[in-house]
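As stored in protein-v9.txt (compact mmCIF, C-alpha atoms):
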```txt
# COMPACT_ATOMS: atom_id res chain seq x y z
CA GLY A 1 132.55 160.62 71.90
CA ILE A 2 129.12 159.03 71.46
CA LYS A 3 126.36 161.38 72.61
CA HIS A 4 123.67 158.69 72.67
CA THR A 5 122.61 156.35 75.44
CA ASN A 6 122.63 153.47 72.97
CA PRO A 7 125.18 153.36 70.16
CA ILE A 8 123.22 150.74 68.17
CA ALA A 9 119.51 151.02 67.43
CA VAL A 10 116.79 148.94 65.80
CA GLY A 11 117.15 149.34 62.04
CA ASP A 12 120.89 149.98 62.02
CA HIS A 13 122.96 148.38 59.29
CA VAL A 14 126.23 147.02 60.63
CA LYS A 15 129.36 145.16 59.61
CA PHE A 16 129.33 141.95 61.61
CA SER A 17 132.09 139.37 62.11
CA PRO A 18 130.51 136.04 63.09
CA TYR A 19 132.09 133.23 65.03
CA GLU A 20 130.49 129.95 66.02
CA GLU A 21 130.04 128.90 69.61
CA SER A 22 128.26 125.60 70.26
CA GLU A 23 124.93 125.52 68.37
CA SER A 24 124.45 129.29 68.19
CA ILE A 25 126.22 131.83 66.02
CA LYS A 26 127.65 134.82 67.81
CA GLY A 27 129.92 137.59 66.69
CA THR A 28 131.15 141.11 66.98
CA ILE A 29 129.72 144.27 65.49
CA GLU A 30 132.71 145.89 63.84
CA GLU A 31 131.09 149.03 62.44
CA ILE A 32 127.78 150.87 62.39
CA LEU A 33 127.11 151.99 58.82
CA PRO A 34 125.82 155.52 58.15
CA ARG A 35 122.14 156.02 58.91
CA ASP A 36 119.69 157.39 56.35
CA ASN A 37 117.66 158.78 59.24
CA TYR A 38 116.79 158.10 62.83
CA ILE A 39 114.35 159.20 65.48
CA VAL A 40 115.35 160.08 69.03
CA ARG A 41 113.96 161.05 72.36
CA ARG A 42 115.83 162.82 75.11
CA SER A 43 117.19 160.58 77.82
CA VAL A 44 115.21 161.16 81.00
CA ASN A 45 118.14 160.55 83.36
CA LEU A 46 120.93 161.93 81.20
CA SER A 47 119.72 165.30 79.92
CA LYS A 48 122.73 165.86 77.65
CA GLN A 49 122.27 162.56 75.84
CA THR A 50 119.70 161.32 73.36
CA HIS A 51 118.18 157.88 73.04
CA ILE A 52 117.94 156.66 69.43
CA ILE A 53 114.66 154.75 69.13
CA ALA A 54 115.11 153.46 65.57
CA SER A 55 117.00 154.16 62.36
CA ASN A 56 116.69 153.76 58.59
CA ILE A 57 112.91 154.19 58.75
CA ASP A 58 110.78 154.59 55.61
CA GLN A 59 107.65 155.56 57.54
CA ALA A 60 106.23 155.83 61.04
CA LEU A 61 102.69 154.70 61.77
CA LEU A 62 101.26 156.58 64.74
CA LEU A 63 98.33 154.69 66.24
CA ILE A 64 95.70 156.98 67.74
CA THR A 65 92.66 156.21 69.89
CA LEU A 66 90.02 158.58 71.23
CA ASN A 67 89.69 156.75 74.51
CA ASN A 68 91.09 153.73 76.26
CA PRO A 69 93.60 155.43 76.16
CA PRO A 70 92.96 158.93 74.83
CA THR A 71 95.48 160.38 72.37
CA PHE A 72 95.54 164.17 72.56
CA PHE A 73 96.43 166.69 69.86
CA ALA A 74 99.55 167.75 71.79
CA PHE A 75 100.95 164.20 71.70
CA ILE A 76 100.21 163.82 67.98
CA ASP A 77 101.70 167.21 67.14
CA ARG A 78 104.85 166.54 69.19
CA PHE A 79 105.34 163.22 67.39
CA LEU A 80 104.78 164.83 63.97
CA LEU A 81 107.32 167.56 64.70
CA THR A 82 109.91 165.07 65.90
CA ALA A 83 109.44 162.85 62.85
CA GLN A 84 109.57 165.84 60.51
CA ALA A 85 112.82 167.02 62.11
CA TYR A 86 114.36 163.64 61.24
CA GLU A 87 112.73 163.44 57.78
CA ILE A 88 110.51 160.46 58.60
CA PRO A 89 107.09 160.41 56.89
CA VAL A 90 104.19 159.72 59.25
CA VAL A 91 100.90 157.94 58.66
CA LEU A 92 98.16 158.52 61.24
CA VAL A 93 96.19 155.37 62.04
CA PHE A 94 92.96 155.93 63.98
CA ASN A 95 92.40 152.56 65.65
CA LYS A 96 89.49 150.90 67.47
CA MET A 97 86.93 152.39 65.09
CA ASP A 98 84.67 149.39 65.76
CA SER A 99 84.23 150.50 69.38
CA TYR A 100 83.23 154.14 68.77
CA SER A 101 79.80 155.75 68.98
CA GLU A 102 78.58 157.97 66.14
CA GLU A 103 79.66 161.03 68.15
CA GLU A 104 83.17 159.61 68.59
CA LYS A 105 83.36 158.78 64.89
CA ALA A 106 82.52 162.41 64.15
CA GLU A 107 85.39 163.46 66.45
CA VAL A 108 87.76 161.16 64.52
CA ALA A 109 86.52 162.72 61.26
CA TYR A 110 87.26 166.18 62.68
CA MET A 111 90.78 165.19 63.76
CA ARG A 112 91.37 163.48 60.45
CA SER A 113 90.30 166.62 58.52
CA ILE A 114 92.88 168.70 60.37
CA TYR A 115 95.78 166.36 59.63
CA GLU A 116 94.75 165.54 56.06
CA ALA A 117 94.70 169.30 55.36
CA LEU A 118 98.38 169.22 56.39
CA ASP A 119 99.00 166.34 53.92
CA TYR A 120 99.30 163.58 56.50
CA PRO A 121 97.75 160.32 55.28
CA CYS A 122 95.10 159.06 57.69
CA TYR A 123 93.47 155.66 58.04
CA GLU A 124 90.55 154.55 60.17
CA ILE A 125 90.85 150.91 61.18
CA SER A 126 89.86 148.13 63.48
CA CYS A 127 92.52 145.47 64.06
CA PHE A 128 89.71 142.90 64.00
CA GLU A 129 88.60 143.77 60.45
CA PRO A 130 90.59 141.76 57.86
CA LYS A 131 90.07 144.42 55.17
CA ASP A 132 91.56 147.10 57.45
CA VAL A 133 94.55 144.92 58.31
CA ALA A 134 95.04 144.23 54.59
CA ARG A 135 95.09 148.00 53.89
CA ILE A 136 97.82 148.52 56.48
CA ASN A 137 99.73 145.52 55.12
CA ARG A 138 99.68 147.05 51.61
CA LEU A 139 100.79 150.39 53.05
CA MET A 140 103.81 148.70 54.63
CA LYS A 141 104.81 146.59 51.61
CA GLU A 142 108.55 146.88 50.90
CA LYS A 143 108.99 149.57 53.56
CA VAL A 144 110.65 149.68 56.95
CA SER A 145 107.86 150.84 59.23
CA MET A 146 107.92 151.94 62.84
CA PHE A 147 104.81 151.71 65.03
CA SER A 148 104.31 154.29 67.75
CA GLY A 149 101.58 155.40 70.12
CA HIS A 150 100.53 155.23 73.73
CA SER A 151 100.41 151.93 75.58
CA GLY A 152 97.03 150.37 74.89
CA VAL A 153 96.32 151.90 71.45
CA GLY A 154 96.63 148.51 69.73
CA LYS A 155 100.19 148.33 68.38
CA SER A 156 100.71 144.70 69.42
CA THR A 157 97.18 143.75 68.38
CA LEU A 158 97.80 145.20 64.92
CA ILE A 159 101.17 143.48 64.61
CA ASN A 160 99.54 140.18 65.62
CA ALA A 161 96.87 140.72 62.96
CA LEU A 162 99.55 141.46 60.35
CA SER A 163 101.73 138.52 61.41
CA PRO A 164 99.80 136.02 63.57
CA ASP A 165 102.82 133.75 64.07
CA LEU A 166 104.41 136.38 66.31
CA ASN A 167 101.71 135.95 68.95
CA LEU A 168 102.77 139.09 70.84
CA ARG A 169 101.37 139.68 74.30
CA THR A 170 98.61 142.29 74.37
```

Give the structure from the file, written as structure tokens.
Amino acid sequence: GIKHTNPIAVGDHVKFSPYEESESIKGTIEEILPRDNYIVRRSVNLSKQTHIIASNIDQALLLITLNNPPTFFAFIDRFLLTAQAYEIPVVLVFNKMDSYSEEEKAEVAYMRSIYEALDYPCYEISCFEPKDVARINRLMKEKVSMFSGHSGVGKSTLINALSPDLNLRT
């Protein structure tokens, strides 16, 4: 009776029965505990099913860039509506600020003014500025956070800056 393409998602809390096999511990998931919230997208191939992206999220950080790649209002608005429908607060993170001209910075300020008027917190950052990374780190303290955004907006770069030991491919 599951109407999802994946019954278990990142962030799920489960009851797990471990058993040992050689040097690794393996086991069986016995039960998926109730979710506080979750965010989905429609399955492309199975139109009547949804794909749960993540669950039990305290906040979603949407990374936005003006170019390389561009993030358009329609994409931001669609993400905000989806998150709101599942009661997930969103923080808008305008990334790559170090690479923008004065004209592009003015465009970010314009976009930011629109979303701040709607009570969405907005941050302007560069993943290469330690003070900006520290601000995001404080924002995430004691919260389960989900990163989202187009490929190339700097999600992995930001995660590497927050936790260098991960050494994610960018």

| query | From the list A:Tyr86, A:Phe79, A:Phe147, A:Phe94, which residue is nearest Asp132 in chain A when using all atoms listed in the file? | reply | A:Phe94

| In Å to one decimal, how far is CA of Met146 in chain A from CA of Glu30 in chain A? |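 CA of Met146 in chain A lies at a distance of 25.5 Å from CA of Glu30 in chain A.
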
Taking all atoms listed in the file into account, produce a table as a tab-separated table in which each residue of range 35-141 of chain A with an atom at most 6 Å from an atom of range 4-25 of chain A appears once, together with its shortest atom pair and the distance in Å to one decimal, ordered by chain and rising number.
```
residue	atom	partner	partner_atom	distance
A:Gln49	CA	A:His4	CA	5.2
A:Thr50	CA	A:His4	CA	4.8
A:His51	CA	A:Thr5	CA	5.3
A:Ala54	CA	A:Val10	CA	4.8
A:Ser55	CA	A:Gly11	CA	4.8
A:Asn56	CA	A:Gly11	CA	5.6
```

| Nearby residues (all atoms listed in the file) at most 9 Å from Val91 in chain A, same-chain spacing under 2 positions excluded, as a PyMOL selection string | chain A and resi 59-63+89+93+120-123

| message | What does the structure give for the distance between CA of Val144 in chain A and CA of Ile88 in chain A, in Å to one decimal? | response |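 Interatomic distance here is 10.9 Å.
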
| field | Atom pair CA of His150 in chain A / CA of Asp77 in chain A: separation (Å) | value |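 Taking CA of His150 in chain A as the start and CA of Asp77 in chain A as the end point, the length is 13.7 Å.
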
| message | List as a PyMOL selection string the protein and nucleic acid residues near Lys143 in chain A, meaning an atom at most 8 Å away when only C-alpha atoms are counted, but skip any in the same chain fewer than 3 places from it. | response | chain A and resi 57-59+140

Need the axis-aligned box for range 148-154 of chain A with 3 Å each side, so what are the centre and edges in Å to one decimal, as AutoDock Vina command-line options?
```
--center_x 100.3 --center_y 152.0 --center_z 71.7 --size_x 14.0 --size_y 12.9 --size_z 13.8
```

Each residue of range 72-155 of chain A with at least one atom at most 10 Å from range 159-166 of chain A should appear once, together with its nearest atom pair and the corresponding distance in Å (one decimal); atoms considered: all atoms listed in the file; ordering: chain, then increasing residue number; output as CSV.
```
residue,atom,partner,partner_atom,distance
A:Cys127,CA,A:Ala161,CA,6.5
A:Phe128,CA,A:Ala161,CA,7.6
A:Glu129,CA,A:Ala161,CA,9.2
A:Pro130,CA,A:Ala161,CA,8.2
A:Asp132,CA,A:Ala161,CA,10.0
A:Val133,CA,A:Leu162,CA,6.4
A:Ala134,CA,A:Leu162,CA,7.8
A:Ile136,CA,A:Leu162,CA,8.2
A:Asn137,CA,A:Leu162,CA,6.6
A:Phe147,CA,A:Ile159,CA,9.0
A:Gly154,CA,A:Ile159,CA,8.5
A:Lys155,CA,A:Ile159,CA,6.2
```

| Between A:Ile53, A:Leu92, A:Val108, A:Leu81, which one has atoms that come closest to Asn67 in chain A, using all atoms listed in the file? |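 Of the candidates, the smallest distance to Asn67 in chain A is held by A:Val108.
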
| request: Return the single residue from A:Glu124, A:Asp36, A:Asp119, A:Glu107 that is closest to Glu87 in chain A, with distances computed using all atoms listed in the file. | output: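 Ranked by minimum distance to Glu87 in chain A, first place goes to A:Asp36.
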
Some atoms are missing, so please complete range 142-153 of chain A with N, CA, C and O atoms and return it as a PDB file, in the frame of the given file.
```
ATOM      1  N   GLU A 142     107.198 146.484  51.311  1.00  0.00           N
ATOM      2  CA  GLU A 142     108.550 146.880  50.900  1.00  0.00           C
ATOM      3  C   GLU A 142     109.028 148.159  51.571  1.00  0.00           C
ATOM      4  O   GLU A 142     109.804 148.922  51.004  1.00  0.00           O
ATOM      5  N   LYS A 143     108.562 148.410  52.790  1.00  0.00           N
ATOM      6  CA  LYS A 143     108.990 149.570  53.560  1.00  0.00           C
ATOM      7  C   LYS A 143     109.389 149.137  54.963  1.00  0.00           C
ATOM      8  O   LYS A 143     108.835 148.184  55.499  1.00  0.00           O
ATOM      9  N   VAL A 144     110.317 149.862  55.537  1.00  0.00           N
ATOM     10  CA  VAL A 144     110.650 149.680  56.950  1.00  0.00           C
ATOM     11  C   VAL A 144     109.748 150.628  57.712  1.00  0.00           C
ATOM     12  O   VAL A 144     109.817 151.846  57.539  1.00  0.00           O
ATOM     13  N   SER A 145     108.867 150.052  58.521  1.00  0.00           N
ATOM     14  CA  SER A 145     107.860 150.840  59.230  1.00  0.00           C
ATOM     15  C   SER A 145     108.063 150.753  60.731  1.00  0.00           C
ATOM     16  O   SER A 145     108.391 149.699  61.255  1.00  0.00           O
ATOM     17  N   MET A 146     107.838 151.865  61.390  1.00  0.00           N
ATOM     18  CA  MET A 146     107.920 151.940  62.840  1.00  0.00           C
ATOM     19  C   MET A 146     106.525 152.223  63.373  1.00  0.00           C
ATOM     20  O   MET A 146     105.837 153.109  62.865  1.00  0.00           O
ATOM     21  N   PHE A 147     106.087 151.461  64.364  1.00  0.00           N
ATOM     22  CA  PHE A 147     104.810 151.710  65.030  1.00  0.00           C
ATOM     23  C   PHE A 147     105.073 152.526  66.284  1.00  0.00           C
ATOM     24  O   PHE A 147     106.014 152.256  67.023  1.00  0.00           O
ATOM     25  N   SER A 148     104.194 153.497  66.537  1.00  0.00           N
ATOM     26  CA  SER A 148     104.310 154.290  67.750  1.00  0.00           C
ATOM     27  C   SER A 148     102.912 154.618  68.247  1.00  0.00           C
ATOM     28  O   SER A 148     101.934 154.488  67.522  1.00  0.00           O
ATOM     29  N   GLY A 149     102.843 155.041  69.495  1.00  0.00           N
ATOM     30  CA  GLY A 149     101.580 155.400  70.120  1.00  0.00           C
ATOM     31  C   GLY A 149     101.609 155.010  71.578  1.00  0.00           C
ATOM     32  O   GLY A 149     102.489 154.274  72.024  1.00  0.00           O
ATOM     33  N   HIS A 150     100.629 155.529  72.309  1.00  0.00           N
ATOM     34  CA  HIS A 150     100.530 155.230  73.730  1.00  0.00           C
ATOM     35  C   HIS A 150     100.354 153.728  73.970  1.00  0.00           C
ATOM     36  O   HIS A 150      99.869 153.003  73.102  1.00  0.00           O
ATOM     37  N   SER A 151     100.691 153.298  75.167  1.00  0.00           N
ATOM     38  CA  SER A 151     100.410 151.930  75.580  1.00  0.00           C
ATOM     39  C   SER A 151      98.898 151.734  75.571  1.00  0.00           C
ATOM     40  O   SER A 151      98.155 152.551  76.103  1.00  0.00           O
ATOM     41  N   GLY A 152      98.452 150.671  74.917  1.00  0.00           N
ATOM     42  CA  GLY A 152      97.030 150.370  74.890  1.00  0.00           C
ATOM     43  C   GLY A 152      96.302 150.792  73.625  1.00  0.00           C
ATOM     44  O   GLY A 152      95.111 150.525  73.484  1.00  0.00           O
ATOM     45  N   VAL A 153      96.996 151.445  72.670  1.00  0.00           N
ATOM     46  CA  VAL A 153      96.320 151.900  71.450  1.00  0.00           C
ATOM     47  C   VAL A 153      96.148 150.781  70.425  1.00  0.00           C
ATOM     48  O   VAL A 153      95.426 150.955  69.443  1.00  0.00           O
TER      49      VAL A 153
END
```
